[in-house]
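Asks: For reference, the file entry_5.pdb (PDB, C-alpha atoms, pLDDT in the B column) is included below:
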```pdb
MODEL        1
ATOM      1  CA  MET A 299      20.921  34.712  24.847  1.00 63.00           C
ATOM      2  CA  ILE A 300      17.374  33.737  23.850  1.00 69.00           C
ATOM      3  CA  PHE A 301      16.225  30.242  24.760  1.00 75.00           C
ATOM      4  CA  ARG A 302      14.075  28.475  22.180  1.00 89.00           C
ATOM      5  CA  PHE A 303      12.352  25.230  22.988  1.00 94.00           C
ATOM      6  CA  TYR A 304      12.964  22.382  20.553  1.00 95.00           C
ATOM      7  CA  ILE A 305      11.373  18.947  20.359  1.00 95.00           C
ATOM      8  CA  GLY A 306      12.926  15.966  18.598  1.00 94.00           C
ATOM      9  CA  CYS A 307      11.033  13.515  16.422  1.00 90.00           C
ATOM     10  CA  ASP A 308      11.498   9.944  17.628  1.00 87.00           C
ATOM     11  CA  VAL A 309      11.185   8.659  14.054  1.00 83.00           C
ATOM     12  CA  CYS A 310      13.433  10.849  11.892  1.00 87.00           C
ATOM     13  CA  ALA A 311      15.439  12.522  14.697  1.00 89.00           C
ATOM     14  CA  ASP A 312      14.770  16.026  13.295  1.00 92.00           C
ATOM     15  CA  TRP A 313      14.412  18.865  15.788  1.00 95.00           C
ATOM     16  CA  LEU A 314      11.569  21.373  15.518  1.00 94.00           C
ATOM     17  CA  HIS A 315      10.835  24.654  17.288  1.00 94.00           C
ATOM     18  CA  GLY A 316       8.008  24.053  19.729  1.00 93.00           C
ATOM     19  CA  SER A 317       6.480  27.385  18.737  1.00 92.00           C
ATOM     20  CA  CYS A 318       6.389  26.332  15.062  1.00 92.00           C
ATOM     21  CA  ILE A 319       4.365  23.215  15.838  1.00 92.00           C
ATOM     22  CA  ASN A 320       2.314  24.689  18.700  1.00 92.00           C
ATOM     23  CA  ILE A 321       3.759  22.488  21.445  1.00 93.00           C
ATOM     24  CA  SER A 322       4.864  23.943  24.751  1.00 93.00           C
ATOM     25  CA  PRO A 323       7.628  22.440  26.904  1.00 93.00           C
ATOM     26  CA  GLU A 324       4.962  21.443  29.440  1.00 93.00           C
ATOM     27  CA  GLU A 325       2.956  19.571  26.796  1.00 91.00           C
ATOM     28  CA  ALA A 326       6.077  17.881  25.456  1.00 92.00           C
ATOM     29  CA  ASP A 327       6.930  16.553  28.924  1.00 90.00           C
ATOM     30  CA  LYS A 328       3.723  14.498  28.797  1.00 89.00           C
ATOM     31  CA  PHE A 329       4.610  12.702  25.545  1.00 87.00           C
ATOM     32  CA  GLU A 330       6.023   9.204  25.676  1.00 85.00           C
ATOM     33  CA  VAL A 331       6.911   9.517  21.980  1.00 86.00           C
ATOM     34  CA  TYR A 332       6.853  12.482  19.618  1.00 88.00           C
ATOM     35  CA  VAL A 333       6.304  11.967  15.892  1.00 84.00           C
ATOM     36  CA  CYS A 334       6.678  15.053  13.698  1.00 86.00           C
ATOM     37  CA  PRO A 335       4.060  16.036  11.113  1.00 84.00           C
ATOM     38  CA  ARG A 336       6.300  14.909   8.247  1.00 82.00           C
ATOM     39  CA  CYS A 337       6.651  11.376   9.672  1.00 82.00           C
ATOM     40  CA  SER A 338       3.041  10.883  10.556  1.00 76.00           C
ATOM     41  CA  THR A 339      -0.411  11.175   9.163  1.00 67.00           C
ATOM     42  CA  GLU A 340      -2.579  13.624  11.036  1.00 55.00           C
ATOM     43  CA  LYS A 341      -4.598  10.835  12.659  1.00 54.00           C
ATOM     44  CA  LYS A 342      -1.529   8.915  13.842  1.00 61.00           C
ATOM     45  CA  GLN A 343       0.115  12.068  15.137  1.00 56.00           C
ATOM     46  CA  GLU A 344      -3.030  13.016  17.032  1.00 61.00           C
ATOM     47  CA  PHE A 345      -2.965   9.629  18.769  1.00 61.00           C
ATOM     48  CA  LEU A 346       0.769   9.441  19.385  1.00 63.00           C
ATOM     49  CA  ASN A 347       1.228  12.939  20.712  1.00 63.00           C
ATOM     50  CA  LYS A 348      -1.389  12.776  23.433  1.00 68.00           C
ATOM     51  CA  PRO A 349      -0.707  11.451  26.888  1.00 70.00           C
ATOM     52  CA  ILE A 350      -2.692   8.344  27.745  1.00 73.00           C
ATOM     53  CA  ASN A 351      -4.679   7.808  30.904  1.00 78.00           C
ATOM     54  CA  ASN A 352      -4.221   4.805  33.193  1.00 82.00           C
ATOM     55  CA  GLU A 353      -7.245   2.953  31.806  1.00 83.00           C
ATOM     56  CA  THR A 354      -6.008   3.263  28.220  1.00 79.00           C
ATOM     57  CA  LYS A 355      -2.509   2.232  29.287  1.00 79.00           C
ATOM     58  CA  LYS A 356      -3.954  -0.843  31.018  1.00 84.00           C
ATOM     59  CA  ASP A 357      -5.955  -1.714  27.874  1.00 82.00           C
ATOM     60  CA  LEU A 358      -2.869  -1.353  25.667  1.00 79.00           C
ATOM     61  CA  LEU A 359      -0.771  -3.535  27.967  1.00 81.00           C
ATOM     62  CA  ASN A 360      -3.540  -6.153  28.001  1.00 83.00           C
ATOM     63  CA  LEU A 361      -3.695  -6.097  24.197  1.00 83.00           C
ATOM     64  CA  THR A 362       0.090  -6.465  24.013  1.00 81.00           C
ATOM     65  CA  ASP A 363      -0.081  -9.498  26.323  1.00 81.00           C
ATOM     66  CA  GLN A 364      -2.773 -11.066  24.151  1.00 84.00           C
ATOM     67  CA  LEU A 365      -0.693 -10.533  21.010  1.00 80.00           C
ATOM     68  CA  MET A 366       2.381 -12.054  22.630  1.00 80.00           C
ATOM     69  CA  VAL A 367       0.393 -15.174  23.610  1.00 80.00           C
ATOM     70  CA  LYS A 368      -0.874 -15.591  20.034  1.00 72.00           C
ATOM     71  CA  LYS A 369       2.634 -15.064  18.650  1.00 66.00           C
ATOM     72  CA  ASN A 370       4.024 -17.946  20.701  1.00 61.00           C
TER      73      ASN A 370
ENDMDL
END
```
Rewrite the coordinates I just gave you, this time as C-alpha cells.

Replies:
Amino acid sequence: MIFRFYIGCDVCADWLHGSCINISPEEADKFEVYVCPRCSTEKKQEFLNKPINNETKKDLLNLTDQLMVKKN
C-alpha cells in the first residue's frame, strides 16, 4: 500500500494531494487553517497558509480586542 498525504481545505472541504500543491506533511502541521487555491486569491492564500510568529499573533489578538470594543 502506498501512502499519499492529503490536506483538506477548511473552506470547501475538498481534499488535495500534498504533492500536487507542493505542501509537505511537516508544513501542513504548522497551518492553523488551510485554504485551497480554488477558494482563495493568491495573496490571501499566501497569508493564510503561513504560520504566524508570536509577535504577529499578539498583534492580531490586540486588533481583535479593539474591534470587539468598538462593536459593543

Asks: Could you jot down the atom CA of A:Thr354 to atom CA of A:Asn320 separation for me, Å, one decimal place?

Replies: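 Separating atom CA of A:Thr354 from atom CA of A:Asn320 is a distance of 24.9 Å.
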
Asks: Excluding same-chain residues fewer than 5 positions from A:Glu325, what lies within 12 Å of it counting only C-alpha atoms, as number ranges by chain?

Replies: A: 303, 305, 316-317, 319-320, 330-332, 347-349

Asks: Atom CA of A:Cys307 and atom CA of A:Lys328 are how many Å apart?

Replies: 14.4 Å

Asks: To one decimal place, how far is atom CA of A:Asn360 from atom CA of A:Phe329 in Å?

Replies: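 Calculated distance between atom CA of A:Asn360 and atom CA of A:Phe329 is 20.7 Å.
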